[in-house]
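> Take a look at this one; I'll ask things after.
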4 protein chains.
Amino acid sequence: LSGVFEGKTTGTPISILIPNQDANSSHYEPLKHLLRPGHANATYLAKYGLFDYRGGGRASARETACRVAAGAVARKLLAHYGITLSAYLAQIGDRPLSAEDPLPIDLLNEAIALGDSLGGIVAFTLSSLPAGLGDPIYEKLEANLAKAMLSLPASKGFEIGSGFSCAVMRGSEHNDLFESGSLQTTTNHAGGTLGGISTGMPLVGKVAFKPTSSIRKPQATLTTTFEPTILTLPEGSRHDPCVAIRAVPVVEAMAALVIADALLLNRCATL
Amino acid sequence: LSGVFEGKTTGTPISILIPNQDANSSHYEPLKHLLRPGHANATYLAKYGLFDYRGGGRASARETACRVAAGAVARKLLAHYGITLSAYLAQIGDRPLSAEDPLPIDLLNEAIALGDSLGGIVAFTLSSLPAGLGDPIYEKLEANLAKAMLSLPASKGFEIGSGFSCAVMRGSEHNDLFESGSLQTTTNHAGGTLGGISTGMPLVGKVAFKPTSSIRKPQATLTTTFEPTILTLPEGSRHDPCVAIRAVPVVEAMAALVIADALLLNRCATL
Amino acid sequence: LSGVFEGKTTGTPISILIPNQDANSSHYEPLKHLLRPGHANATYLAKYGLFDYRGGGRASARETACRVAAGAVARKLLAHYGITLSAYLAQIGDRPLSAEDPLPIDLLNEAIALGDSLGGIVAFTLSSLPAGLGDPIYEKLEANLAKAMLSLPASKGFEIGSGFSCAVMRGSEHNDLFESGSLQTTTNHAGGTLGGISTGMPLVGKVAFKPTSSIRKPQATLTTTFEPTILTLPEGSRHDPCVAIRAVPVVEAMAALVIADALLLNRCATL
Amino acid sequence: LSGVFEGKTTGTPISILIPNQDANSSHYEPLKHLLRPGHANATYLAKYGLFDYRGGGRASARETACRVAAGAVARKLLAHYGITLSAYLAQIGDRPLSAEDPLPIDLLNEAIALGDSLGGIVAFTLSSLPAGLGDPIYEKLEANLAKAMLSLPASKGFEIGSGFSCAVMRGSEHNDLFESGSLQTTTNHAGGTLGGISTGMPLVGKVAFKPTSSIRKPQATLTTTFEPTILTLPEGSRHDPCVAIRAVPVVEAMAALVIADALLLNRCATL
């Protein structure tokens, strides 16, 4: 809607509108007076005294479409710097996956058949990132990535480099040693940052996503006036059996946005 | 230095100065021209063209003393609201610990004897937190906690509630069901927030800390002009065998600061 | 578009879209390669290497429609607190006006006949404002008002209370003395704030607006390749003879937004 | 205290401490329970329920020493870019002054003899500023300057370029025409910015300062419990007869800080 003219950004804010042309709020009418386990409507109610029950309101993962759109703009900047970025589903349920593995349809079908849902882990990598992005104290690169990823609906954890597995390593094992004649290291337990600043090695991390809260299986819950009841999702309401699948491009988008900010800010750092 | 008068805060910024009265920079002189594996001096050099080699400069964990001091102020606000906060060492090396377990001196002595260091995991809990803290989009409580924790030196991961273990859970298992007649839930896989806002259940999370980068064991490294050399820590330089131990009060301080901000901002949310 | 549900705000960001349904960019085609005296297109060109020539792009005063829309939301909060807010045209050209004076059509017609434009001054008043809004150091109320007003297109100056006339006053004359038994003062040279914080007296200020840069009268200028030329506004392009007239509701909107922020933030200041 | 090592900035925050070694708080003891006309202690009391009566607390103009110190760092960056900056007292009481005029001691002595104080106006100029500093919407250069100047104790107004005198000008007169073959203009009514962005012409503005609130002349006031009383300044308390005089370097410092920020941020604007 704004900020782009004749194919170029103008320097003014870029505004993008994605109309949801296939929404049917009436499907959510039966959920109007129900607390939904694992959903944010109870916390919205506690904070604001009301919630928008249609499709999960602003807590819906639909919201991440905006992030992907903004990330597409950020990725143009990354491309300009020759930075490549990709994410993939590294685990679904208890099944670890590589970047090349296809989606395990068997697991999904099983979850769908049970009226249940699956959690997962998304891994991301940024390559050809220059050293020097990020700041030493208040805007550490890994801290901004952590905030970006934990701002995603359903995310429960963030790791960079060795992540939680660092606990069982020795310093002599975890320290990445320099290759001859460069800042490149032979291992990358750091995951691409040290002290808040990119090292020039690939930036690698993981984000955990809980199983979709909305499940077909009936669940005991309360009404908004605290009466016990059973929650059964209305016909026509739409829910993924595993949010982590759709989270892959969203994780990419958030990584792109954080790195784009860091790239621009880093231009201020040297004369 | 400022902001407090006759035992009360005045509303103006509080300034605290902690002089390091036991520093001896000369111990670090031999490190002046060395890249230190696992340390931020290589990234500072890449970004700024120089680094302060004395005691690790601003990347030193000494910096966290300021966070603990600021956290002490924030904790007074938490106490006013009746919120309790504690952290403990939940793992050191491969040894899981409970909040009551003493520090495993055997593991530490072993690491010291080897001239090596250990990683660890710190767990934190906030109890009696009101529901409604945090914001639905830009300042999600879990996102701000993630940023706070990943801003800590040596931290490699952050989890809230079920964390990475959520991947292997089903939705029917992960969803926390409401207790009769309240917003309390019988389980707490969410870990105290849903959709960026506190649920009123205990806020529980974990932070992973890598093994201390500074180790007595000699390491292959490069000089700042990329010549291969051996790094041996100078006599008199001081290093912990496990930063996670000292990180316990720092994690508490960061949690207190994030919650204090959220408590104050939440006062804006309802009329 | 968002943030409001069944007539109430939901706590999530409010999005408002105002489509310009009566735009004809072709009118601006002849201005494509011209620097326009008094306009921002030369500075946009210097900064970004391009500019959106259609209707002045983002530097157009059309942009202030968004501010008025946002201000309308903020005014609801002010009304909740019983705060009243109004602005009026206090001067047009060399003619001072009171809040009750009608618009001097004679001056406008004269300017239109000459193909020229007029400057003006807008005065604003907020009444029944509580004491205590604003902050002592970083977010002073008068500083935030000054930023808000100087962010308006065509604004050249901001005053609070006595403003520039304070220079010729003595301290014994300028100091507002307290009325018996209250924080009210008999005069209001301060204009409603002291040390960044509202006094509880009416908040009064003024904003100066330059004469509209776009005038019918031909002007010497340069092309974007620095060739001398004559700028004559195209038929069909639309320009006010005095922006200060339309600035009245915009000044009100900006005052409402600043005060709404201060009202909300002030809720954090006391337990 | 931090951020500088061997004569160079390290990229980490610079901390400067200026101890006040000549303070005697006991002089202010008699003011402990008095509202001081024209001072912020009444608004601090209204907001926080207490105030630090010693030397005006944080509302004291002593606070501006920090700004001058920070400005000195910012000026090094301006010097690197070849930007020159100066301010001067342009008016004291009703006496206009040029940059070369000496301080009118007669006016000051007269005010001192009367136990009274004088207002004034400070003018500032930045030359050799590049075009392109500032942003089109949210961080307009003139808006940030306005906020910076109105954040100064005792300031009541800010003007850029023609300022309030723009009201009486016609557009044909106010529009700055381009010199042949460049973005330079023959006049500078804009004062160095258009649409939030520097034009490359000198950046010129003015700041109004009210007469010092603290005067020797006794003034009617109230106690903090609203009893009528007479305020007579204690012997030994120190007050300038005209704050505008000392404001000159402070205005320079604030201008330097705003421009330094804009210079650094502008590095992000082009690839």
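Numbering starts fresh at 1 for the residues of each chain in the structure tokens, the chains themselves are lettered A, B, ... in the order given, and ligands are numbered from 1 as they appear.
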Skip D:Ile197 itself and residues of its chain fewer than 6 positions away, then list as a PyMOL selection string all residues within 6 Å of it, counting only C-alpha atoms.
(chain C and resi 43) or (chain D and resi 132-135+141)
> What does chain A look like after a least-squares fit onto chain D on every Cα paired in order, written as a compact mmCIF listing (two decimals) with C-alpha atoms, in the first residue's frame?

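Written out: result-v4.txt:
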```txt
# COMPACT_ATOMS: atom_id res chain seq x y z
CA LEU A 1 34.49 4.98 33.39
CA SER A 2 33.90 2.66 30.43
CA GLY A 3 33.77 2.43 26.66
CA VAL A 4 37.16 3.99 25.98
CA PHE A 5 40.45 2.09 25.88
CA GLU A 6 43.84 3.48 25.01
CA GLY A 7 42.29 6.65 23.63
CA LYS A 8 39.72 4.97 21.41
CA THR A 9 36.07 4.09 21.85
CA THR A 10 35.57 0.33 22.07
CA GLY A 11 32.02 0.19 20.73
CA THR A 12 30.58 -0.45 24.19
CA PRO A 13 28.65 2.20 26.18
CA ILE A 14 30.70 5.16 27.34
CA SER A 15 30.10 6.03 30.98
CA ILE A 16 31.13 9.40 32.43
CA LEU A 17 30.82 10.41 36.09
CA ILE A 18 31.04 14.05 37.21
CA PRO A 19 31.15 14.22 41.00
CA ASN A 20 29.76 17.43 42.45
CA GLN A 21 32.58 18.28 44.83
CA ASP A 22 31.24 21.61 45.97
CA ALA A 23 27.72 20.77 47.14
CA ASN A 24 26.31 21.79 50.48
CA SER A 25 22.85 20.34 50.84
CA SER A 26 22.29 21.97 54.19
CA HIS A 27 21.72 25.28 52.39
CA TYR A 28 18.54 23.83 50.97
CA GLU A 29 17.22 22.49 54.29
CA PRO A 30 14.91 25.54 54.80
CA LEU A 31 13.25 24.73 51.42
CA LYS A 32 12.32 21.23 52.51
CA HIS A 33 8.64 21.93 53.12
CA LEU A 34 8.06 24.74 50.62
CA LEU A 35 6.54 24.74 47.15
CA ARG A 36 8.84 26.88 45.02
CA PRO A 37 7.12 29.03 42.36
CA GLY A 38 8.30 28.19 38.86
CA HIS A 39 10.08 25.06 40.12
CA ALA A 40 9.37 21.40 39.48
CA ASN A 41 9.20 20.38 43.11
CA ALA A 42 5.43 20.87 43.19
CA THR A 43 4.97 18.61 40.16
CA TYR A 44 7.37 15.99 41.55
CA LEU A 45 5.36 16.09 44.77
CA ALA A 46 2.10 15.71 42.84
CA LYS A 47 3.44 12.76 40.87
CA TYR A 48 5.61 10.90 43.35
CA GLY A 49 4.47 12.13 46.76
CA LEU A 50 7.97 13.37 47.59
CA PHE A 51 10.83 15.40 46.18
CA ASP A 52 14.55 15.74 46.73
CA TYR A 53 14.85 19.33 47.93
CA ARG A 54 18.65 19.47 47.81
CA GLY A 55 19.69 21.87 45.09
CA GLY A 56 16.56 21.24 43.06
CA GLY A 57 17.16 17.49 42.82
CA ARG A 58 17.14 16.09 39.34
CA ALA A 59 15.27 19.16 38.03
CA SER A 60 18.36 21.24 38.78
CA ALA A 61 20.16 22.68 35.78
CA ARG A 62 23.27 20.99 37.21
CA GLU A 63 21.93 17.99 35.34
CA THR A 64 22.90 19.65 32.05
CA ALA A 65 26.59 19.08 32.84
CA CYS A 66 26.00 15.45 31.77
CA ARG A 67 24.56 16.63 28.49
CA VAL A 68 27.58 18.78 27.80
CA ALA A 69 29.89 15.83 28.55
CA ALA A 70 27.93 13.55 26.22
CA GLY A 71 27.81 16.31 23.64
CA ALA A 72 31.60 16.50 23.70
CA VAL A 73 31.74 12.90 22.52
CA ALA A 74 29.12 13.57 19.84
CA ARG A 75 31.05 16.62 18.62
CA LYS A 76 34.01 14.39 17.79
CA LEU A 77 31.79 12.58 15.33
CA LEU A 78 30.56 15.88 13.86
CA ALA A 79 34.18 17.02 13.50
CA HIS A 80 34.97 13.78 11.66
CA TYR A 81 32.31 14.75 9.11
CA GLY A 82 33.56 18.33 8.94
CA ILE A 83 30.39 19.71 10.51
CA THR A 84 30.78 22.88 12.55
CA LEU A 85 28.44 23.82 15.34
CA SER A 86 28.01 26.92 17.42
CA ALA A 87 25.42 28.61 19.56
CA TYR A 88 25.24 32.09 21.04
CA LEU A 89 23.02 34.20 23.24
CA ALA A 90 20.71 35.94 20.76
CA GLN A 91 18.65 37.82 23.31
CA ILE A 92 18.77 38.56 27.03
CA GLY A 93 15.77 40.32 28.50
CA ASP A 94 14.65 42.73 25.80
CA ARG A 95 18.18 43.17 24.39
CA PRO A 96 18.90 41.38 21.08
CA LEU A 97 22.53 40.27 20.66
CA SER A 98 24.66 39.10 17.80
CA ALA A 99 27.12 36.20 18.01
CA GLU A 100 29.94 38.71 18.52
CA ASP A 101 28.30 40.85 21.21
CA PRO A 102 29.73 40.60 24.71
CA LEU A 103 27.46 39.67 27.60
CA PRO A 104 25.54 42.81 28.71
CA ILE A 105 26.82 42.98 32.26
CA ASP A 106 24.70 46.06 32.93
CA LEU A 107 21.48 44.08 32.50
CA LEU A 108 22.74 41.29 34.73
CA ASN A 109 23.85 43.66 37.45
CA GLU A 110 20.50 45.36 37.35
CA ALA A 111 18.69 42.03 37.73
CA ILE A 112 21.02 40.98 40.57
CA ALA A 113 20.46 44.30 42.31
CA LEU A 114 16.71 43.76 42.10
CA GLY A 115 17.04 40.19 43.38
CA ASP A 116 15.42 39.19 40.12
CA SER A 117 16.30 37.20 36.98
CA LEU A 118 16.24 37.48 33.17
CA GLY A 119 15.03 35.31 30.32
CA GLY A 120 16.83 34.85 27.06
CA ILE A 121 17.03 33.24 23.65
CA VAL A 122 19.84 31.01 22.41
CA ALA A 123 20.46 30.63 18.67
CA PHE A 124 22.38 27.71 17.15
CA THR A 125 23.87 26.97 13.73
CA LEU A 126 25.26 23.78 12.24
CA SER A 127 27.21 24.27 9.03
CA SER A 128 28.58 21.88 6.41
CA LEU A 129 25.91 19.39 7.33
CA PRO A 130 25.32 16.83 4.57
CA ALA A 131 21.89 16.67 2.94
CA GLY A 132 19.95 13.54 3.82
CA LEU A 133 20.05 13.39 7.64
CA GLY A 134 16.77 12.55 9.34
CA ASP A 135 13.75 10.49 8.39
CA PRO A 136 10.53 11.26 6.53
CA ILE A 137 7.99 10.08 9.10
CA TYR A 138 8.92 9.00 12.62
CA GLU A 139 12.33 10.52 13.31
CA LYS A 140 12.19 13.85 11.53
CA LEU A 141 15.33 15.84 12.20
CA GLU A 142 13.50 19.00 13.28
CA ALA A 143 11.19 16.96 15.51
CA ASN A 144 14.12 15.33 17.27
CA LEU A 145 15.80 18.72 17.70
CA ALA A 146 12.58 20.13 19.14
CA LYS A 147 12.35 17.29 21.65
CA ALA A 148 16.01 17.67 22.59
CA MET A 149 15.68 21.41 23.19
CA LEU A 150 12.36 21.24 25.06
CA SER A 151 13.93 18.59 27.31
CA LEU A 152 16.23 21.31 28.66
CA PRO A 153 15.34 22.82 32.03
CA ALA A 154 13.65 26.26 31.66
CA SER A 155 13.14 26.03 27.89
CA LYS A 156 9.78 27.33 26.66
CA GLY A 157 10.04 27.35 22.89
CA PHE A 158 11.84 26.05 19.82
CA GLU A 159 12.06 27.43 16.31
CA ILE A 160 13.75 26.20 13.16
CA GLY A 161 14.54 28.52 10.27
CA SER A 162 11.93 31.24 9.97
CA GLY A 163 10.19 29.91 13.07
CA PHE A 164 7.17 31.86 14.29
CA SER A 165 7.93 34.66 11.84
CA CYS A 166 6.86 32.29 9.03
CA ALA A 167 3.25 33.16 9.88
CA VAL A 168 3.53 36.61 8.33
CA MET A 169 5.31 35.49 5.18
CA ARG A 170 3.85 34.59 1.82
CA GLY A 171 4.72 31.27 0.19
CA SER A 172 6.42 33.09 -2.69
CA GLU A 173 8.63 34.80 -0.12
CA HIS A 174 9.21 31.84 2.23
CA ASN A 175 10.06 29.21 -0.40
CA ASP A 176 13.84 29.00 -0.71
CA LEU A 177 14.84 29.03 -4.39
CA PHE A 178 17.70 26.86 -5.63
CA GLU A 179 20.96 28.39 -6.67
CA SER A 180 22.07 27.55 -10.13
CA GLY A 181 23.30 23.98 -10.45
CA SER A 182 23.02 22.79 -6.86
CA LEU A 183 20.74 21.95 -3.95
CA GLN A 184 21.97 25.11 -2.21
CA THR A 185 19.31 27.79 -1.88
CA THR A 186 19.65 31.57 -2.00
CA THR A 187 17.67 32.02 1.21
CA ASN A 188 17.29 29.62 4.15
CA HIS A 189 13.84 30.11 5.62
CA ALA A 190 13.57 26.34 5.93
CA GLY A 191 16.48 26.46 8.36
CA GLY A 192 18.22 23.42 6.99
CA THR A 193 15.52 20.76 6.87
CA LEU A 194 12.57 19.95 4.64
CA GLY A 195 10.18 17.09 5.39
CA GLY A 196 12.31 15.87 8.29
CA ILE A 197 15.52 15.61 6.29
CA SER A 198 18.51 17.95 6.16
CA THR A 199 18.83 20.03 2.99
CA GLY A 200 22.58 20.62 3.17
CA MET A 201 22.02 24.30 4.02
CA PRO A 202 23.01 25.50 7.51
CA LEU A 203 20.72 24.16 10.19
CA VAL A 204 19.60 27.16 12.22
CA GLY A 205 17.25 27.37 15.16
CA LYS A 206 16.43 29.13 18.40
CA VAL A 207 15.49 28.08 21.91
CA ALA A 208 13.73 30.31 24.46
CA PHE A 209 14.66 30.11 28.15
CA LYS A 210 12.51 31.57 30.88
CA PRO A 211 14.04 33.74 33.59
CA THR A 212 15.61 31.71 36.42
CA SER A 213 12.85 30.60 38.80
CA SER A 214 15.06 30.99 41.87
CA ILE A 215 15.22 34.68 42.78
CA ARG A 216 16.47 36.50 45.86
CA LYS A 217 13.36 38.66 46.00
CA PRO A 218 10.92 37.18 48.54
CA GLN A 219 7.89 35.49 46.98
CA ALA A 220 4.52 34.46 48.36
CA THR A 221 4.15 30.70 48.24
CA LEU A 222 2.70 27.68 50.08
CA THR A 223 4.18 25.03 52.31
CA THR A 224 3.82 21.42 51.19
CA THR A 225 0.75 21.30 53.43
CA PHE A 226 -0.69 24.33 51.60
CA GLU A 227 -0.11 26.93 54.32
CA PRO A 228 0.64 30.40 52.94
CA THR A 229 4.19 31.52 53.62
CA ILE A 230 7.01 33.63 52.19
CA LEU A 231 9.86 32.01 50.27
CA THR A 232 13.22 33.66 50.83
CA LEU A 233 16.20 31.86 49.34
CA PRO A 234 18.65 30.66 52.00
CA GLU A 235 22.12 32.22 52.24
CA GLY A 236 24.64 30.06 50.44
CA SER A 237 22.22 28.65 47.86
CA ARG A 238 23.48 29.44 44.36
CA HIS A 239 21.44 30.73 41.45
CA ASP A 240 22.23 32.34 38.12
CA PRO A 241 20.48 35.59 37.25
CA CYS A 242 19.93 34.24 33.71
CA VAL A 243 19.96 30.52 32.82
CA ALA A 244 20.09 31.29 29.09
CA ILE A 245 23.75 32.29 29.45
CA ARG A 246 24.81 28.89 30.69
CA ALA A 247 22.39 27.25 28.25
CA VAL A 248 24.58 28.16 25.26
CA PRO A 249 26.94 25.14 25.52
CA VAL A 250 24.00 22.94 26.52
CA VAL A 251 22.09 23.83 23.37
CA GLU A 252 25.26 23.03 21.41
CA ALA A 253 25.53 19.69 23.17
CA MET A 254 21.92 18.73 22.45
CA ALA A 255 22.28 19.73 18.80
CA ALA A 256 25.46 17.66 18.58
CA LEU A 257 23.75 14.62 20.11
CA VAL A 258 20.77 14.79 17.75
CA ILE A 259 22.97 15.25 14.69
CA ALA A 260 25.33 12.46 15.76
CA ASP A 261 22.39 10.07 16.01
CA ALA A 262 21.12 11.20 12.61
CA LEU A 263 24.58 10.81 11.05
CA LEU A 264 24.88 7.25 12.31
CA LEU A 265 21.34 6.28 11.36
CA ASN A 266 21.76 7.80 7.93
CA ARG A 267 24.49 5.27 7.25
CA CYS A 268 21.70 2.70 7.16
CA ALA A 269 19.74 4.55 4.51
CA THR A 270 21.69 3.80 1.35
CA LEU A 271 23.42 0.64 0.15
```
> DSSP on the backbone, strand (DSSP E) only: what residues of stretch 73-107 of chain C does that give? Format it as a list in words.
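These are the residues in question: Thr84, Leu85, Ser86, Ala87, Tyr88, Leu89, Ala90, Gln91, Ile92, Arg95 and Pro96 of chain C.
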> Taking the DSSP assignment computed from this structure's backbone, write out as a compact mmCIF listing (two decimals) with C-alpha atoms, in the first residue's frame all residues of stretch 30-267 of chain A that belong to alpha helix (DSSP H).

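Once written, selection.txt looks like this:
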```
# COMPACT_ATOMS: atom_id res chain seq x y z
CA ASN A 41 -8.24 -16.61 25.05
CA ALA A 42 -8.16 -17.23 28.81
CA THR A 43 -5.19 -14.88 29.24
CA TYR A 44 -6.76 -12.23 26.98
CA LEU A 45 -9.90 -12.51 29.10
CA ALA A 46 -7.87 -12.18 32.31
CA LYS A 47 -6.05 -9.12 31.00
CA TYR A 48 -8.67 -7.27 28.99
CA THR A 64 2.26 -15.00 11.00
CA ALA A 65 1.33 -14.34 7.36
CA CYS A 66 2.29 -10.70 8.04
CA ARG A 67 5.66 -11.81 9.32
CA VAL A 68 6.31 -13.82 6.20
CA ALA A 69 5.37 -10.82 4.03
CA ALA A 70 7.69 -8.53 5.98
CA GLY A 71 10.37 -11.20 5.92
CA ALA A 72 10.18 -11.27 2.12
CA VAL A 73 11.23 -7.62 2.07
CA ALA A 74 14.03 -8.29 4.57
CA ARG A 75 15.27 -11.22 2.49
CA LYS A 76 15.92 -8.86 -0.42
CA LEU A 77 18.40 -7.05 1.78
CA LEU A 78 20.02 -10.33 2.83
CA ALA A 79 20.29 -11.33 -0.84
CA HIS A 80 21.98 -8.00 -1.58
CA ILE A 105 2.70 -38.18 6.25
CA ASP A 106 2.22 -41.35 8.28
CA LEU A 107 2.70 -39.47 11.55
CA LEU A 108 0.34 -36.72 10.48
CA ASN A 109 -2.35 -39.14 9.37
CA GLU A 110 -2.07 -40.95 12.65
CA ALA A 111 -2.49 -37.70 14.60
CA ILE A 112 -5.45 -36.68 12.42
CA ALA A 113 -7.05 -40.07 12.91
CA LEU A 141 22.24 -10.77 17.98
CA GLU A 142 21.35 -14.03 19.74
CA ALA A 143 19.14 -12.15 22.20
CA ASN A 144 17.21 -10.47 19.39
CA LEU A 145 16.84 -13.82 17.61
CA ALA A 146 15.56 -15.38 20.82
CA LYS A 147 12.97 -12.65 21.24
CA ALA A 148 11.90 -12.93 17.61
CA MET A 149 11.45 -16.70 17.83
CA LEU A 150 9.69 -16.72 21.21
CA GLY A 171 35.16 -26.12 27.59
CA SER A 172 38.04 -27.78 25.72
CA GLU A 173 35.44 -29.50 23.55
CA HIS A 174 32.98 -26.61 23.15
CA VAL A 243 1.98 -26.00 13.57
CA ALA A 244 5.73 -26.63 13.28
CA ILE A 245 5.26 -27.51 9.60
CA ARG A 246 3.87 -24.12 8.71
CA ALA A 247 6.34 -22.48 11.10
CA VAL A 248 9.27 -23.21 8.77
CA PRO A 249 8.82 -20.12 6.53
CA VAL A 250 7.86 -18.06 9.58
CA VAL A 251 11.11 -18.91 11.35
CA GLU A 252 12.92 -17.92 8.14
CA ALA A 253 11.04 -14.64 8.06
CA MET A 254 11.87 -13.79 11.67
CA ALA A 255 15.52 -14.64 11.14
CA ALA A 256 15.56 -12.45 8.02
CA LEU A 257 13.99 -9.53 9.90
CA VAL A 258 16.47 -9.72 12.78
CA ILE A 259 19.45 -9.99 10.47
CA ALA A 260 18.20 -7.17 8.24
CA ASP A 261 17.98 -4.89 11.28
CA ALA A 262 21.46 -5.95 12.38
CA LEU A 263 22.88 -5.38 8.88
CA LEU A 264 21.49 -1.86 8.76
CA LEU A 265 22.54 -0.98 12.30
CA ASN A 266 25.99 -2.36 11.70
```
